Amino acid sequence: MKNSSLRTPYLSRRHLLLGAAALPLAAGLPFGARAEAPMMGAALAPYRRFTLGNFEVTTLLAGTRTVPDPHTIFGLNASDEDFAAASEAAFIPSDAAQFFFTPTLVNTGSELILFDTGLAPEGITAALEAAGYTADQVDRVVITHMHGDHIGGIYADAPTFANAAYSTGSVEMDHWDMSGNDGFEAKIRPLQDQFDLLDDGSDVTSGITAMAAFGHTPGHMAFHLESEGERLILGADFANHYVYSLAHPDWEVLYDTDKAMAATTRRKFLDMMATDRVPFIGYHMPFPALGYVAAKDGNFEYVPASYQTMIEG
């Protein structure tokens, strides 16, 4: 008997037809070549959503840009050598930094609350729409402080959030009200009478409490969220870079109004978050801007969130 492995295979009419149908796909291509897919360009999803107890929290990428010469902004009291060493240790260049602008949306189940508004209405509305919302669904806008990259999206000829109430810190409002600042006059002044003013310990709503975090601006506020025993800090700009500010809290930052107070605030918040292991969202942290703080050699280290918020328990 002949070895069955040497038998000629039987090719049915169906096999022949399928093989013939596949031939045009390779027609005109040299051996080993394949069709090229187009280059799509660098991209970053504009939102990340997770649950915090009964809350739903969504970080929104309202803009990002590359900024040259970060040592002219961060570490003003650090040597060139120390700045370069910190950059190299973190695997980032010392001559450019990527800035992220990350408002945060909190759905409490009864209110949709937006913290900060980005650089312009177009950026925040695009991010909202990507996340499945429209601007007119926002019930309240909370401004952590009144730098232009936080208030830029709130108003342009008309309110961006037509159905929203507004909140901000009382100290912050008093400071900017008398400043003559063009951004304040264009973005906040038209809405000023509609703002509720908050102090340290004021509740925005049940489970969301204002925290004085002065220094970056005179009345800069952070916010503590708690739902079903789960906690989160919305840190805004208490630390503006995950290496040059968070990991080196005593390094001076150009945009901090009171640099000594800002450093004291950074250490206070970082120590609390590291000790209590509370996650935080930082407005300028690498998107999606959610992470943790670890104490390290008398300073701190940023630990980006991975899958912690995905685990159902």
# chains A, B, ... in the order shown; residues from 1 in each chain; ligands from 1
>>> closest_atom_pairs(of="segment 73-160 of chain A", to="segment 52-69 of chain A", cutoff="7 Å", atoms="only C-alpha atoms", output="CSV")
residue,atom,partner,partner_atom,distance
A:Asp95,CA,A:Asp69,CA,4.8
A:Ala96,CA,A:Pro68,CA,4.3
A:Ala97,CA,A:Val67,CA,5.3
A:Gln98,CA,A:Thr66,CA,4.5
A:Phe99,CA,A:Arg65,CA,5.4
A:Phe100,CA,A:Thr64,CA,4.5
A:Phe101,CA,A:Gly63,CA,5.3
A:Thr102,CA,A:Leu61,CA,4.9
A:Pro103,CA,A:Leu60,CA,5.5
A:Thr104,CA,A:Thr59,CA,4.6
A:Leu105,CA,A:Thr58,CA,5.0
A:Val106,CA,A:Val57,CA,4.6
A:Asn107,CA,A:Glu56,CA,5.0
A:Thr108,CA,A:Phe55,CA,4.7
A:Gly109,CA,A:Phe55,CA,6.8
A:Gly118,CA,A:Ala62,CA,5.5
A:Gly123,CA,A:Ala62,CA,4.7
A:Ile124,CA,A:Ala62,CA,4.9
A:Ala127,CA,A:Leu60,CA,5.7
A:Leu128,CA,A:Leu60,CA,6.9
>>> select_by_dssp(residues="segment 66-247 of chain A", states="strand (DSSP E or B)", output="count of residues only")
57
>>> select_by_dssp(residues="segment 20-215 of chain A", states="alpha helix (DSSP H)", output="PyMOL selection string")
chain A and resi 20-26+80-89+121-130+148-151+170-177+182-187
>>> residues_around(residues="Ala89 of chain A", least_positions_apart="4", cutoff="12 Å", atoms="only C-alpha atoms", output="JSON, numbers by chain")
{"A": [82, 83, 84, 85, 93, 94, 243, 244, 247, 301]}
>>> write_last_selection(atoms="C-alpha atoms", output="PDB file, in the first residue's frame")
ATOM      1  CA  ASP A  82      20.308  69.742  38.155  1.00  0.00           C
ATOM      2  CA  PHE A  83      17.537  70.489  35.654  1.00  0.00           C
ATOM      3  CA  ALA A  84      19.253  68.445  32.949  1.00  0.00           C
ATOM      4  CA  ALA A  85      19.855  65.584  35.381  1.00  0.00           C
ATOM      5  CA  PRO A  93      14.255  66.159  26.962  1.00  0.00           C
ATOM      6  CA  SER A  94      15.458  69.208  28.859  1.00  0.00           C
ATOM      7  CA  VAL A 243       8.876  66.063  37.242  1.00  0.00           C
ATOM      8  CA  TYR A 244       9.875  69.708  37.499  1.00  0.00           C
ATOM      9  CA  ALA A 247       9.011  65.586  42.060  1.00  0.00           C
ATOM     10  CA  GLU A 301       7.376  60.772  42.670  1.00  0.00           C
TER      11      GLU A 301
END
>>> residues_around(residues="Asp237 of chain A", least_positions_apart="4", cutoff="12 Å", atoms="only C-alpha atoms", output="compact mmCIF listing (two decimals) with all heavy atoms, in the first residue's frame")
# COMPACT_ATOMS: atom_id res chain seq x y z
N PHE A 100 -0.30 69.91 28.81
CA PHE A 100 -1.64 69.36 28.67
C PHE A 100 -2.62 70.25 29.44
O PHE A 100 -2.28 70.77 30.50
CB PHE A 100 -1.71 67.93 29.22
CG PHE A 100 -0.73 66.99 28.58
CD1 PHE A 100 0.56 66.87 29.06
CD2 PHE A 100 -1.10 66.23 27.48
CE1 PHE A 100 1.47 66.01 28.47
CE2 PHE A 100 -0.19 65.36 26.88
CZ PHE A 100 1.10 65.25 27.38
N PHE A 101 -3.82 70.39 28.92
CA PHE A 101 -4.85 71.22 29.54
C PHE A 101 -6.09 70.35 29.74
O PHE A 101 -6.75 69.99 28.77
CB PHE A 101 -5.14 72.43 28.66
CG PHE A 101 -3.91 73.23 28.33
CD1 PHE A 101 -3.17 72.93 27.17
CD2 PHE A 101 -3.44 74.22 29.17
CE1 PHE A 101 -2.02 73.64 26.87
CE2 PHE A 101 -2.29 74.94 28.87
CZ PHE A 101 -1.58 74.64 27.72
N THR A 102 -6.36 70.01 31.00
CA THR A 102 -7.30 68.93 31.29
C THR A 102 -8.40 69.35 32.25
O THR A 102 -8.29 69.16 33.47
CB THR A 102 -6.54 67.71 31.87
OG1 THR A 102 -5.44 67.39 31.04
CG2 THR A 102 -7.47 66.51 31.97
N PRO A 103 -9.49 69.93 31.75
CA PRO A 103 -10.67 70.10 32.59
C PRO A 103 -11.23 68.74 33.00
O PRO A 103 -10.97 67.72 32.34
CB PRO A 103 -11.65 70.85 31.68
CG PRO A 103 -10.79 71.49 30.63
CD PRO A 103 -9.64 70.53 30.42
N ASP A 116 -13.07 73.83 35.42
CA ASP A 116 -12.22 74.56 34.48
C ASP A 116 -12.63 74.31 33.04
O ASP A 116 -13.36 73.36 32.73
CB ASP A 116 -10.74 74.27 34.72
CG ASP A 116 -10.25 74.84 36.05
OD1 ASP A 116 -10.78 75.88 36.47
OD2 ASP A 116 -9.36 74.23 36.66
N ILE A 143 -14.53 77.12 38.63
CA ILE A 143 -13.23 77.63 38.22
C ILE A 143 -12.27 77.52 39.39
O ILE A 143 -12.49 78.13 40.44
CB ILE A 143 -13.34 79.09 37.73
CG1 ILE A 143 -14.27 79.20 36.52
CG2 ILE A 143 -11.97 79.67 37.43
CD1 ILE A 143 -13.79 78.44 35.29
N THR A 144 -11.19 76.76 39.21
CA THR A 144 -10.22 76.58 40.29
C THR A 144 -9.40 77.85 40.51
O THR A 144 -9.03 78.18 41.65
CB THR A 144 -9.27 75.41 40.01
OG1 THR A 144 -8.51 75.70 38.82
CG2 THR A 144 -10.05 74.12 39.82
N HIS A 145 -9.07 78.54 39.43
CA HIS A 145 -8.37 79.82 39.49
C HIS A 145 -8.47 80.47 38.12
O HIS A 145 -8.92 79.83 37.16
CB HIS A 145 -6.92 79.66 39.95
CG HIS A 145 -6.05 78.90 39.00
ND1 HIS A 145 -6.21 77.54 38.77
CD2 HIS A 145 -5.00 79.29 38.22
CE1 HIS A 145 -5.31 77.13 37.91
NE2 HIS A 145 -4.57 78.17 37.55
N MET A 146 -8.05 81.72 38.01
CA MET A 146 -8.43 82.49 36.83
C MET A 146 -7.30 82.78 35.87
O MET A 146 -7.30 83.80 35.18
CB MET A 146 -9.14 83.77 37.28
CG MET A 146 -10.46 83.46 37.96
SD MET A 146 -11.43 84.89 38.38
CE MET A 146 -12.82 84.12 39.23
N HIS A 147 -6.34 81.88 35.76
CA HIS A 147 -5.39 81.96 34.66
C HIS A 147 -6.12 81.64 33.35
O HIS A 147 -7.10 80.90 33.33
CB HIS A 147 -4.23 80.99 34.87
CG HIS A 147 -3.20 81.52 35.82
ND1 HIS A 147 -2.26 80.71 36.43
CD2 HIS A 147 -2.94 82.78 36.27
CE1 HIS A 147 -1.47 81.46 37.20
NE2 HIS A 147 -1.87 82.71 37.12
N ASP A 149 -5.69 79.75 30.81
CA ASP A 149 -5.90 78.39 30.31
C ASP A 149 -6.96 77.65 31.11
O ASP A 149 -7.29 76.50 30.78
CB ASP A 149 -4.59 77.61 30.32
CG ASP A 149 -3.90 77.59 31.66
OD1 ASP A 149 -3.98 78.59 32.39
OD2 ASP A 149 -3.25 76.58 31.99
N HIS A 150 -7.53 78.28 32.11
CA HIS A 150 -8.62 77.69 32.90
C HIS A 150 -9.96 78.37 32.65
O HIS A 150 -11.01 77.75 32.81
CB HIS A 150 -8.27 77.73 34.39
CG HIS A 150 -7.10 76.88 34.74
ND1 HIS A 150 -7.21 75.67 35.39
CD2 HIS A 150 -5.77 77.05 34.50
CE1 HIS A 150 -6.01 75.14 35.55
NE2 HIS A 150 -5.13 75.96 35.01
N ALA A 213 -5.70 76.13 48.31
CA ALA A 213 -4.41 75.68 47.81
C ALA A 213 -3.67 76.90 47.26
O ALA A 213 -3.23 76.94 46.11
CB ALA A 213 -4.59 74.61 46.73
N PHE A 214 -3.56 77.91 48.09
CA PHE A 214 -3.08 79.21 47.67
C PHE A 214 -1.59 79.19 47.32
O PHE A 214 -0.83 78.36 47.82
CB PHE A 214 -3.32 80.26 48.76
CG PHE A 214 -4.76 80.43 49.16
CD1 PHE A 214 -5.09 81.11 50.33
CD2 PHE A 214 -5.80 79.93 48.39
CE1 PHE A 214 -6.40 81.29 50.71
CE2 PHE A 214 -7.13 80.09 48.76
CZ PHE A 214 -7.43 80.77 49.93
N GLY A 215 -1.19 80.10 46.49
CA GLY A 215 0.21 80.26 46.11
C GLY A 215 0.39 80.36 44.62
O GLY A 215 1.03 81.28 44.12
N HIS A 216 -0.17 79.40 43.89
CA HIS A 216 -0.10 79.49 42.43
C HIS A 216 -0.78 80.78 41.98
O HIS A 216 -0.26 81.51 41.13
CB HIS A 216 -0.75 78.26 41.80
CG HIS A 216 -0.74 78.27 40.31
ND1 HIS A 216 0.43 78.27 39.57
CD2 HIS A 216 -1.75 78.29 39.40
CE1 HIS A 216 0.13 78.29 38.29
NE2 HIS A 216 -1.18 78.31 38.15
N THR A 217 -1.96 81.02 42.49
CA THR A 217 -2.61 82.34 42.46
C THR A 217 -3.07 82.63 43.88
O THR A 217 -3.11 81.73 44.73
CB THR A 217 -3.81 82.37 41.50
OG1 THR A 217 -4.80 81.44 41.97
CG2 THR A 217 -3.42 82.03 40.08
N GLY A 219 -5.88 82.95 45.29
CA GLY A 219 -7.02 82.19 45.80
C GLY A 219 -7.22 80.85 45.14
O GLY A 219 -8.34 80.32 45.09
N HIS A 220 -6.15 80.27 44.62
CA HIS A 220 -6.21 78.98 43.92
C HIS A 220 -6.85 77.92 44.82
O HIS A 220 -6.51 77.79 45.99
CB HIS A 220 -4.80 78.56 43.54
CG HIS A 220 -4.70 77.23 42.87
ND1 HIS A 220 -4.61 76.05 43.56
CD2 HIS A 220 -4.66 76.89 41.56
CE1 HIS A 220 -4.52 75.04 42.71
NE2 HIS A 220 -4.55 75.53 41.49
N MET A 221 -7.80 77.16 44.24
CA MET A 221 -8.53 76.14 45.00
C MET A 221 -8.35 74.76 44.37
O MET A 221 -8.31 74.61 43.15
CB MET A 221 -10.03 76.46 45.03
CG MET A 221 -10.39 77.80 45.64
SD MET A 221 -10.06 77.91 47.41
CE MET A 221 -11.62 77.33 48.06
N ALA A 222 -8.23 73.77 45.24
CA ALA A 222 -8.34 72.37 44.84
C ALA A 222 -9.67 71.84 45.38
O ALA A 222 -10.37 72.54 46.12
CB ALA A 222 -7.17 71.56 45.39
N PHE A 223 -10.02 70.60 45.02
CA PHE A 223 -11.30 70.06 45.45
C PHE A 223 -11.16 68.60 45.85
O PHE A 223 -10.47 67.82 45.17
CB PHE A 223 -12.35 70.23 44.35
CG PHE A 223 -12.71 71.68 44.12
CD1 PHE A 223 -11.93 72.46 43.28
CD2 PHE A 223 -13.75 72.26 44.81
CE1 PHE A 223 -12.22 73.80 43.10
CE2 PHE A 223 -14.05 73.60 44.64
CZ PHE A 223 -13.28 74.38 43.78
N ILE A 233 -8.60 63.77 44.64
CA ILE A 233 -8.30 65.19 44.71
C ILE A 233 -8.22 65.76 43.30
O ILE A 233 -7.51 65.22 42.45
CB ILE A 233 -6.95 65.45 45.43
CG1 ILE A 233 -6.96 64.86 46.84
CG2 ILE A 233 -6.65 66.95 45.47
CD1 ILE A 233 -7.95 65.50 47.79
N HIS A 241 3.93 70.30 36.73
CA HIS A 241 4.66 69.34 35.90
C HIS A 241 5.00 68.15 36.77
O HIS A 241 5.37 68.32 37.94
CB HIS A 241 5.93 69.97 35.32
CG HIS A 241 6.59 69.15 34.28
ND1 HIS A 241 7.43 68.08 34.58
CD2 HIS A 241 6.55 69.22 32.92
CE1 HIS A 241 7.87 67.54 33.46
NE2 HIS A 241 7.36 68.22 32.43
N TYR A 242 4.91 66.97 36.21
CA TYR A 242 5.07 65.76 37.03
C TYR A 242 6.51 65.54 37.49
O TYR A 242 6.75 64.86 38.49
CB TYR A 242 4.54 64.54 36.29
CG TYR A 242 5.41 63.99 35.19
CD1 TYR A 242 6.11 62.79 35.37
CD2 TYR A 242 5.54 64.64 33.96
CE1 TYR A 242 6.89 62.26 34.36
CE2 TYR A 242 6.32 64.12 32.96
CZ TYR A 242 7.00 62.93 33.15
OH TYR A 242 7.78 62.40 32.15
N SER A 245 7.95 69.97 38.95
CA SER A 245 7.18 70.60 40.01
C SER A 245 6.81 69.60 41.09
O SER A 245 7.15 69.78 42.26
CB SER A 245 5.92 71.26 39.42
OG SER A 245 5.24 72.02 40.36
N LEU A 246 6.16 68.50 40.71
CA LEU A 246 5.74 67.51 41.70
C LEU A 246 6.94 66.80 42.33
O LEU A 246 7.03 66.69 43.55
CB LEU A 246 4.81 66.50 41.04
CG LEU A 246 4.13 65.47 41.93
CD1 LEU A 246 2.80 65.02 41.32
CD2 LEU A 246 5.01 64.22 42.16
N VAL A 253 8.37 78.01 40.19
CA VAL A 253 7.66 77.98 38.91
C VAL A 253 7.30 79.41 38.52
O VAL A 253 6.79 80.18 39.34
CB VAL A 253 6.37 77.13 39.03
CG1 VAL A 253 5.61 77.11 37.70
CG2 VAL A 253 6.71 75.71 39.47
N TYR A 255 4.99 80.76 36.87
CA TYR A 255 3.60 81.20 36.94
C TYR A 255 3.02 81.22 38.35
O TYR A 255 1.85 81.58 38.54
CB TYR A 255 2.73 80.31 36.04
CG TYR A 255 3.17 80.33 34.60
CD1 TYR A 255 3.50 79.15 33.94
CD2 TYR A 255 3.27 81.53 33.89
CE1 TYR A 255 3.92 79.15 32.63
CE2 TYR A 255 3.68 81.54 32.57
CZ TYR A 255 4.01 80.35 31.94
OH TYR A 255 4.42 80.37 30.63
N ASP A 256 3.79 80.82 39.35
CA ASP A 256 3.32 80.88 40.74
C ASP A 256 3.41 82.32 41.24
O ASP A 256 4.51 82.91 41.25
CB ASP A 256 4.15 79.97 41.64
CG ASP A 256 3.85 78.50 41.41
OD1 ASP A 256 2.82 78.19 40.77
OD2 ASP A 256 4.65 77.66 41.87
N THR A 257 2.29 82.88 41.68
CA THR A 257 2.28 84.27 42.14
C THR A 257 3.14 84.44 43.38
O THR A 257 3.94 85.36 43.47
CB THR A 257 0.83 84.69 42.44
OG1 THR A 257 0.04 84.54 41.26
CG2 THR A 257 0.77 86.14 42.89
N ALA A 262 3.45 78.74 47.28
CA ALA A 262 3.14 77.65 46.35
C ALA A 262 3.92 76.40 46.71
O ALA A 262 3.39 75.28 46.66
CB ALA A 262 3.43 78.07 44.92
N ALA A 263 5.19 76.56 47.08
CA ALA A 263 6.01 75.41 47.46
C ALA A 263 5.49 74.77 48.75
O ALA A 263 5.44 73.53 48.86
CB ALA A 263 7.47 75.83 47.64
N THR A 265 2.36 74.85 49.78
CA THR A 265 1.12 74.17 49.39
C THR A 265 1.42 72.85 48.70
O THR A 265 0.78 71.82 48.97
CB THR A 265 0.29 75.08 48.48
OG1 THR A 265 -0.17 76.21 49.22
CG2 THR A 265 -0.92 74.34 47.90
N ARG A 266 2.39 72.84 47.81
CA ARG A 266 2.75 71.60 47.12
C ARG A 266 3.13 70.52 48.11
O ARG A 266 2.64 69.39 48.04
CB ARG A 266 3.91 71.84 46.14
CG ARG A 266 3.48 72.25 44.76
CD ARG A 266 4.60 72.15 43.75
NE ARG A 266 5.65 73.12 43.96
CZ ARG A 266 5.61 74.38 43.54
NH1 ARG A 266 4.52 74.84 42.94
NH2 ARG A 266 6.63 75.19 43.75
N PHE A 269 0.06 69.20 50.12
CA PHE A 269 -0.83 68.33 49.35
C PHE A 269 -0.14 67.02 48.98
O PHE A 269 -0.75 65.95 49.05
CB PHE A 269 -1.33 69.06 48.10
CG PHE A 269 -2.57 69.86 48.32
CD1 PHE A 269 -2.52 71.05 49.02
CD2 PHE A 269 -3.79 69.45 47.84
CE1 PHE A 269 -3.66 71.81 49.24
CE2 PHE A 269 -4.95 70.18 48.06
CZ PHE A 269 -4.88 71.37 48.76
N PHE A 280 -5.11 61.59 42.43
CA PHE A 280 -5.44 62.98 42.10
C PHE A 280 -5.43 63.16 40.59
O PHE A 280 -4.82 62.40 39.84
CB PHE A 280 -4.46 63.95 42.77
CG PHE A 280 -3.15 64.11 42.06
CD1 PHE A 280 -2.89 65.24 41.30
CD2 PHE A 280 -2.15 63.14 42.15
CE1 PHE A 280 -1.68 65.40 40.63
CE2 PHE A 280 -0.94 63.28 41.50
CZ PHE A 280 -0.70 64.42 40.73
N ILE A 281 -6.14 64.21 40.17
CA ILE A 281 -6.08 64.68 38.79
C ILE A 281 -5.39 66.03 38.81
O ILE A 281 -5.79 66.94 39.54
CB ILE A 281 -7.50 64.81 38.19
CG1 ILE A 281 -8.13 63.43 38.01
CG2 ILE A 281 -7.45 65.54 36.85
CD1 ILE A 281 -9.59 63.46 37.65
N GLY A 282 -4.32 66.14 38.03
CA GLY A 282 -3.60 67.40 37.90
C GLY A 282 -3.86 67.98 36.52
O GLY A 282 -3.71 67.28 35.51
N TYR A 283 -4.20 69.24 36.48
CA TYR A 283 -4.62 69.87 35.22
C TYR A 283 -3.55 69.76 34.13
O TYR A 283 -3.87 69.65 32.95
CB TYR A 283 -4.94 71.34 35.49
CG TYR A 283 -5.67 72.05 34.37
CD1 TYR A 283 -7.05 71.87 34.20
CD2 TYR A 283 -5.01 72.91 33.50
CE1 TYR A 283 -7.73 72.54 33.18
CE2 TYR A 283 -5.69 73.58 32.50
CZ TYR A 283 -7.04 73.37 32.33
OH TYR A 283 -7.72 74.04 31.33
N HIS A 284 -2.27 69.77 34.54
CA HIS A 284 -1.18 69.73 33.57
C HIS A 284 -0.37 68.44 33.62
O HIS A 284 0.71 68.37 33.02
CB HIS A 284 -0.25 70.93 33.78
CG HIS A 284 -0.91 72.26 33.55
ND1 HIS A 284 -1.36 72.67 32.32
CD2 HIS A 284 -1.21 73.26 34.42
CE1 HIS A 284 -1.91 73.87 32.43
NE2 HIS A 284 -1.82 74.25 33.68
N MET A 285 -0.86 67.45 34.32
CA MET A 285 -0.18 66.16 34.32
C MET A 285 -0.34 65.49 32.95
O MET A 285 -1.27 65.81 32.20
CB MET A 285 -0.76 65.23 35.40
CG MET A 285 -0.54 65.71 36.83
SD MET A 285 1.19 65.81 37.33
CE MET A 285 1.38 67.59 37.54
N ALA A 289 -4.08 62.41 32.97
CA ALA A 289 -3.93 63.33 34.11
C ALA A 289 -4.27 62.73 35.46
O ALA A 289 -4.31 63.44 36.45
CB ALA A 289 -4.74 64.61 33.87
>>> atom_distance(atom1="atom CA of Met211 of chain A", atom2="atom CA of Leu198 of chain A")
9.3 Å
>>> atom_distance(atom1="atom CA of Pro304 of chain A", atom2="atom CA of Ala210 of chain A")
23.9 Å
>>> residues_around(residues="Ala274 of chain A", least_positions_apart="4", cutoff="12 Å", atoms="only C-alpha atoms", output="MDAnalysis selection string")
chainID A and resid 233 246 266:270 278:280 291:296 298:303
>>> closest_atom_pairs(of="segment 200-256 of chain A", to="segment 308-311 of chain A", cutoff="12 Å", atoms="only C-alpha atoms", output="CSV")
residue,atom,partner,partner_atom,distance
A:Glu230,CA,A:Thr309,CA,10.7
A:Arg231,CA,A:Thr309,CA,11.7
A:Leu232,CA,A:Thr309,CA,11.4
>>> residues_around(residues="segment 192-197 of chain A", least_positions_apart="4", cutoff="9 Å", atoms="only C-alpha atoms", output="PyMOL selection string")
chain A and resi 165-171+173+188+202
>>> write_last_selection(atoms="C-alpha atoms", output="mmCIF file, in the first residue's frame")
data_model
loop_
_atom_site.group_PDB
_atom_site.id
_atom_site.type_symbol
_atom_site.label_atom_id
_atom_site.label_comp_id
_atom_site.auth_asym_id
_atom_site.auth_seq_id
_atom_site.Cartn_x
_atom_site.Cartn_y
_atom_site.Cartn_z
ATOM 1 C CA ALA A 165 -24.400 78.001 37.276
ATOM 2 C CA TYR A 166 -20.875 79.093 38.275
ATOM 3 C CA SER A 167 -18.612 78.766 41.311
ATOM 4 C CA THR A 168 -15.115 79.925 42.249
ATOM 5 C CA GLY A 169 -13.103 80.878 45.319
ATOM 6 C CA SER A 170 -13.978 84.147 47.044
ATOM 7 C CA VAL A 171 -10.299 85.106 47.502
ATOM 8 C CA MET A 173 -12.583 86.498 42.678
ATOM 9 C CA ILE A 188 -15.384 86.368 33.809
ATOM 10 C CA SER A 202 -17.232 75.022 51.280
#
>>> residues_around(residues="Glu185 of chain A", least_positions_apart="4", cutoff="12 Å", atoms="only C-alpha atoms", output="list in words")
Met146, Gly148, Ile151, Gly152, Tyr155, Ala156, Met173, Trp176, Asp177, Met178, Ser179, Gly180, Asn181, Arg189, Pro190, Leu191 and Gln192 of chain A
>>> write_last_selection(atoms="C-alpha atoms", output="PDB file, in the first residue's frame")
ATOM      1  CA  MET A 146      -8.432  82.493  36.830  1.00  0.00           C
ATOM      2  CA  GLY A 148      -6.274  82.114  30.977  1.00  0.00           C
ATOM      3  CA  ILE A 151     -11.158  80.384  32.024  1.00  0.00           C
ATOM      4  CA  GLY A 152     -10.569  80.616  28.259  1.00  0.00           C
ATOM      5  CA  TYR A 155     -17.225  82.762  27.331  1.00  0.00           C
ATOM      6  CA  ALA A 156     -16.844  84.222  23.842  1.00  0.00           C
ATOM      7  CA  MET A 173     -12.583  86.498  42.678  1.00  0.00           C
ATOM      8  CA  TRP A 176      -8.854  89.300  39.868  1.00  0.00           C
ATOM      9  CA  ASP A 177     -11.787  91.700  40.208  1.00  0.00           C
ATOM     10  CA  MET A 178      -9.308  94.481  41.031  1.00  0.00           C
ATOM     11  CA  SER A 179      -6.485  93.360  38.723  1.00  0.00           C
ATOM     12  CA  GLY A 180      -7.440  94.991  35.435  1.00  0.00           C
ATOM     13  CA  ASN A 181      -6.553  91.699  33.719  1.00  0.00           C
ATOM     14  CA  ARG A 189     -16.710  89.923  34.083  1.00  0.00           C
ATOM     15  CA  PRO A 190     -19.758  89.225  31.856  1.00  0.00           C
ATOM     16  CA  LEU A 191     -20.723  86.334  34.176  1.00  0.00           C
ATOM     17  CA  GLN A 192     -19.446  87.699  37.498  1.00  0.00           C
TER      18      GLN A 192
END
>>> decode(residues="segment 41-60 of chain A", atoms="N, CA and C atoms", output="PDB file, in the first residue's frame")
ATOM      1  N   GLY A  41      -0.822  59.912  11.548  1.00  0.00           N
ATOM      2  CA  GLY A  41      -0.397  61.026  12.394  1.00  0.00           C
ATOM      3  C   GLY A  41      -0.583  60.692  13.862  1.00  0.00           C
ATOM      4  N   ALA A  42       0.203  61.341  14.714  1.00  0.00           N
ATOM      5  CA  ALA A  42       0.102  61.122  16.161  1.00  0.00           C
ATOM      6  C   ALA A  42      -1.276  61.535  16.652  1.00  0.00           C
ATOM      7  N   ALA A  43      -1.820  60.793  17.605  1.00  0.00           N
ATOM      8  CA  ALA A  43      -3.157  61.084  18.110  1.00  0.00           C
ATOM      9  C   ALA A  43      -3.268  60.663  19.564  1.00  0.00           C
ATOM     10  N   LEU A  44      -4.190  61.281  20.262  1.00  0.00           N
ATOM     11  CA  LEU A  44      -4.432  60.993  21.666  1.00  0.00           C
ATOM     12  C   LEU A  44      -5.929  61.096  21.902  1.00  0.00           C
ATOM     13  N   ALA A  45      -6.530  60.049  22.472  1.00  0.00           N
ATOM     14  CA  ALA A  45      -7.965  60.082  22.751  1.00  0.00           C
ATOM     15  C   ALA A  45      -8.268  61.247  23.688  1.00  0.00           C
ATOM     16  N   PRO A  46      -9.314  62.031  23.427  1.00  0.00           N
ATOM     17  CA  PRO A  46      -9.526  63.271  24.176  1.00  0.00           C
ATOM     18  C   PRO A  46     -10.268  63.129  25.500  1.00  0.00           C
ATOM     19  N   TYR A  47     -10.550  61.922  25.954  1.00  0.00           N
ATOM     20  CA  TYR A  47     -11.203  61.791  27.252  1.00  0.00           C
ATOM     21  C   TYR A  47     -10.877  60.431  27.869  1.00  0.00           C
ATOM     22  N   ARG A  48     -11.028  60.391  29.203  1.00  0.00           N
ATOM     23  CA  ARG A  48     -10.983  59.128  29.935  1.00  0.00           C
ATOM     24  C   ARG A  48     -12.035  59.193  31.032  1.00  0.00           C
ATOM     25  N   ARG A  49     -12.846  58.151  31.134  1.00  0.00           N
ATOM     26  CA  ARG A  49     -13.946  58.134  32.108  1.00  0.00           C
ATOM     27  C   ARG A  49     -13.770  56.950  33.053  1.00  0.00           C
ATOM     28  N   PHE A  50     -14.055  57.211  34.338  1.00  0.00           N
ATOM     29  CA  PHE A  50     -14.000  56.149  35.337  1.00  0.00           C
ATOM     30  C   PHE A  50     -14.998  56.468  36.442  1.00  0.00           C
ATOM     31  N   THR A  51     -15.273  55.482  37.280  1.00  0.00           N
ATOM     32  CA  THR A  51     -16.213  55.685  38.375  1.00  0.00           C
ATOM     33  C   THR A  51     -15.460  55.913  39.675  1.00  0.00           C
ATOM     34  N   LEU A  52     -16.066  56.735  40.518  1.00  0.00           N
ATOM     35  CA  LEU A  52     -15.583  56.998  41.870  1.00  0.00           C
ATOM     36  C   LEU A  52     -16.795  56.858  42.784  1.00  0.00           C
ATOM     37  N   GLY A  53     -16.964  55.673  43.366  1.00  0.00           N
ATOM     38  CA  GLY A  53     -18.184  55.417  44.118  1.00  0.00           C
ATOM     39  C   GLY A  53     -19.386  55.541  43.201  1.00  0.00           C
ATOM     40  N   ASN A  54     -20.295  56.450  43.555  1.00  0.00           N
ATOM     41  CA  ASN A  54     -21.477  56.697  42.724  1.00  0.00           C
ATOM     42  C   ASN A  54     -21.269  57.825  41.724  1.00  0.00           C
ATOM     43  N   PHE A  55     -20.084  58.426  41.729  1.00  0.00           N
ATOM     44  CA  PHE A  55     -19.765  59.481  40.774  1.00  0.00           C
ATOM     45  C   PHE A  55     -19.167  58.868  39.510  1.00  0.00           C
ATOM     46  N   GLU A  56     -19.330  59.595  38.412  1.00  0.00           N
ATOM     47  CA  GLU A  56     -18.641  59.283  37.178  1.00  0.00           C
ATOM     48  C   GLU A  56     -17.727  60.464  36.864  1.00  0.00           C
ATOM     49  N   VAL A  57     -16.451  60.199  36.673  1.00  0.00           N
ATOM     50  CA  VAL A  57     -15.459  61.253  36.485  1.00  0.00           C
ATOM     51  C   VAL A  57     -14.853  61.103  35.093  1.00  0.00           C
ATOM     52  N   THR A  58     -14.805  62.209  34.336  1.00  0.00           N
ATOM     53  CA  THR A  58     -14.258  62.196  32.987  1.00  0.00           C
ATOM     54  C   THR A  58     -13.212  63.294  32.860  1.00  0.00           C
ATOM     55  N   THR A  59     -11.982  62.904  32.545  1.00  0.00           N
ATOM     56  CA  THR A  59     -10.974  63.916  32.225  1.00  0.00           C
ATOM     57  C   THR A  59     -11.057  64.227  30.736  1.00  0.00           C
ATOM     58  N   LEU A  60     -10.916  65.507  30.406  1.00  0.00           N
ATOM     59  CA  LEU A  60     -11.126  65.991  29.043  1.00  0.00           C
ATOM     60  C   LEU A  60      -9.872  66.698  28.554  1.00  0.00           C
TER      61      LEU A  60
END
